[in-house]
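One structure is given below, encoded as structure tokens.
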Amino acid sequence: MSATIGQTKRSEKGLLTPDNCVVALIDHQPQMMFGVAGFDRQSIINNTVALAKATRIFDVPVVLTTVETKSFSGNMWPQLKAVFPGREPIERSSMNSWDDPKFVNAIAKTGRKKIILAGLWTETCIALPAIQAIHDGYEIYVAEDCCGDVSQLNHDNAMRRMIQAGAKPVTALSTLLEWQRDWAQRDTYDAVMDLVKNHFGAYGIGVEYAYTMVHGAPATEFPEYEVPEPALAHR
């Protein structure tokens with residue numbers, strides 16, 4: 001069932017809403033992450049998963065794509081596959097996903113003209129489709145904290161190039177809050193707070209403190225940890 005059934009309509013006026021954008025997650029694969037330097041790679045995983053979960057909360061369409069899975073890059077991160085069970089990414093050979101008709105058609109099929117891009121690496125797999133999509137009339141947002149490159153210089157150069165071309169930088173958290181917009185919107189409030197407590201560090205701890213110490217709510221219960229049994233192959 002769609003998460004947006006009964007959801008309150010957000011005003012647009014130049015802002016992102018759950019109704020006007022599509023998210024593209026590009027090449028979040030092991031080999032691509034191996035090459036990332038100058039970034040906290042665990043934070044990239046955390047932020048990307050948070051953005052992915054936010055699309056589920058607000059029922060925003062998502063296009064998943066991977067490059068050269070078998071011959072080089074490996075499978076899409078299992079953390080992302082868990083957010084989109086049963087979904088298979090569009091497989092490409094091209095570094096630039098905008099060169100792949102399957103990817104471009106998947107974006108066009110959503111009917112959305114605003115694209116939020118996130119992926120590895122920034123200078124190639126994000127900058128190239130961003131610039132060409134802008135050329136084709138799309139409005140591009142780059143979730144910068146869900147991206148990484150082989151060095152900070154490469155990433156920064158890519159961000160400058162895209163911004164000069166007209167792209168707008170955002171983050172996973174800024175996107176989540178832009179979609180929520182108003183804490184009186186109770187249809188998504190609890191899911192957003194759950195996401196904040198699981199993925200947004202000090203902000204999440206602050207929410208937990210306010211809930212329990214100020215409002216007298218019970219503490220959040222996380223799933224009890226169970227030590228995995230040894231795999232059959234290791235016995």
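Identifiers in the structure tokens: chain A, B, ... in order shown; residue index from 1 per chain; ligand index from 1 in order shown.
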
- [ ] From a DSSP calculation on the backbone, collect every residue of range 91-149 of chain A in strand (DSSP E or B) and output the set as a ChimeraX atom specification.
- [x] /A:91-92,114-120,139-143,148

Write out the residues from the selection above, keeping N, CA and C atoms, as a PDB file, in the first residue's frame.
```pdb
ATOM      1  N   GLU A  91      21.272  -2.457 -14.826  1.00  0.00           N
ATOM      2  CA  GLU A  91      22.694  -2.757 -15.026  1.00  0.00           C
ATOM      3  C   GLU A  91      23.209  -2.023 -16.258  1.00  0.00           C
ATOM      4  N   ARG A  92      24.394  -1.390 -16.101  1.00  0.00           N
ATOM      5  CA  ARG A  92      24.966  -0.611 -17.188  1.00  0.00           C
ATOM      6  C   ARG A  92      26.409  -1.030 -17.456  1.00  0.00           C
ATOM      7  N   LYS A 114      12.399  16.971 -11.442  1.00  0.00           N
ATOM      8  CA  LYS A 114      13.454  17.227 -10.461  1.00  0.00           C
ATOM      9  C   LYS A 114      14.070  15.876 -10.092  1.00  0.00           C
ATOM     10  N   ILE A 115      15.390  15.768 -10.235  1.00  0.00           N
ATOM     11  CA  ILE A 115      16.089  14.520  -9.937  1.00  0.00           C
ATOM     12  C   ILE A 115      17.078  14.759  -8.800  1.00  0.00           C
ATOM     13  N   ILE A 116      16.990  13.931  -7.764  1.00  0.00           N
ATOM     14  CA  ILE A 116      17.992  13.940  -6.697  1.00  0.00           C
ATOM     15  C   ILE A 116      18.965  12.811  -6.998  1.00  0.00           C
ATOM     16  N   LEU A 117      20.223  13.172  -7.260  1.00  0.00           N
ATOM     17  CA  LEU A 117      21.254  12.196  -7.603  1.00  0.00           C
ATOM     18  C   LEU A 117      22.128  11.899  -6.399  1.00  0.00           C
ATOM     19  N   ALA A 118      22.506  10.634  -6.243  1.00  0.00           N
ATOM     20  CA  ALA A 118      23.468  10.244  -5.216  1.00  0.00           C
ATOM     21  C   ALA A 118      24.231   9.041  -5.730  1.00  0.00           C
ATOM     22  N   GLY A 119      25.539   9.000  -5.486  1.00  0.00           N
ATOM     23  CA  GLY A 119      26.282   7.838  -5.945  1.00  0.00           C
ATOM     24  C   GLY A 119      27.786   8.025  -5.909  1.00  0.00           C
ATOM     25  N   LEU A 120      28.455   7.021  -6.446  1.00  0.00           N
ATOM     26  CA  LEU A 120      29.916   6.951  -6.475  1.00  0.00           C
ATOM     27  C   LEU A 120      30.350   6.723  -7.937  1.00  0.00           C
ATOM     28  N   GLU A 139      15.841  19.420 -13.597  1.00  0.00           N
ATOM     29  CA  GLU A 139      16.398  20.191 -12.487  1.00  0.00           C
ATOM     30  C   GLU A 139      17.099  19.199 -11.560  1.00  0.00           C
ATOM     31  N   ILE A 140      18.378  19.438 -11.299  1.00  0.00           N
ATOM     32  CA  ILE A 140      19.198  18.450 -10.602  1.00  0.00           C
ATOM     33  C   ILE A 140      19.553  18.914  -9.196  1.00  0.00           C
ATOM     34  N   TYR A 141      19.386  17.979  -8.264  1.00  0.00           N
ATOM     35  CA  TYR A 141      19.824  18.147  -6.879  1.00  0.00           C
ATOM     36  C   TYR A 141      20.811  17.024  -6.588  1.00  0.00           C
ATOM     37  N   VAL A 142      21.922  17.344  -5.923  1.00  0.00           N
ATOM     38  CA  VAL A 142      22.934  16.334  -5.617  1.00  0.00           C
ATOM     39  C   VAL A 142      22.990  16.138  -4.108  1.00  0.00           C
ATOM     40  N   ALA A 143      22.663  14.930  -3.656  1.00  0.00           N
ATOM     41  CA  ALA A 143      22.757  14.604  -2.227  1.00  0.00           C
ATOM     42  C   ALA A 143      24.223  14.362  -1.905  1.00  0.00           C
ATOM     43  N   GLY A 148      30.834  10.244  -2.987  1.00  0.00           N
ATOM     44  CA  GLY A 148      32.250  10.244  -2.631  1.00  0.00           C
ATOM     45  C   GLY A 148      33.080  10.063  -3.880  1.00  0.00           C
TER      46      GLY A 148
END
```

TODO: Enumerate the residues of chain A with a DSSP assignment of alpha helix (DSSP H), computed from the backbone, and present them as an MDAnalysis selection string.
DONE: chainID A and resid 30:34 41:58 78:83 101:110 127:135 152:165 172:180 186:199 201:209

Task: Who sits within 10 Å of range 23-33 of chain A, only C-alpha atoms, same chain under 4 positions skipped, as an MDAnalysis selection string - done: chainID A and resid 37 41:42 44:45 48 51:52 55 60:69 72:78 80 89:92 95:97 103 106:107 112 114:122 125:126 141:143 146:150

Task: Point-to-point distance from CA of Trp179 in chain A to CA of Thr17 in chain A, Å rounded to tenths - done: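 So the answer is 5.2 Å.
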
Open item on the list: Just want the 12 Å neighbourhood of Gly201 in chain A, counted on only C-alpha atoms, with same-chain residues fewer than 5 positions away dropped. Output as a VMD selection string.
Closed with: chain A and resid 43 46 to 47 50 173 195 to 196 206 to 208

TODO: Could you please determine the separation between CA of Pro18 in chain A and CA of Asp182 in chain A in Å, to one decimal place?
DONE: 13.3 Å

Open item on the list: For a quick check of understanding, using only C-alpha atoms, which of A:Ala231, A:Val192, A:Met213, A:Cys21 has the smallest distance to Lys113 in chain A?
Closed with: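 Using only C-alpha atoms, the shortest distance to Lys113 in chain A belongs to A:Cys21.
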
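Nearest-residue note for Ala158 in chain A: choosing from A:Pro218, A:Glu123, A:Ala133, A:Leu177, the minimum distance belongs to A:Glu123, counting only C-alpha atoms.
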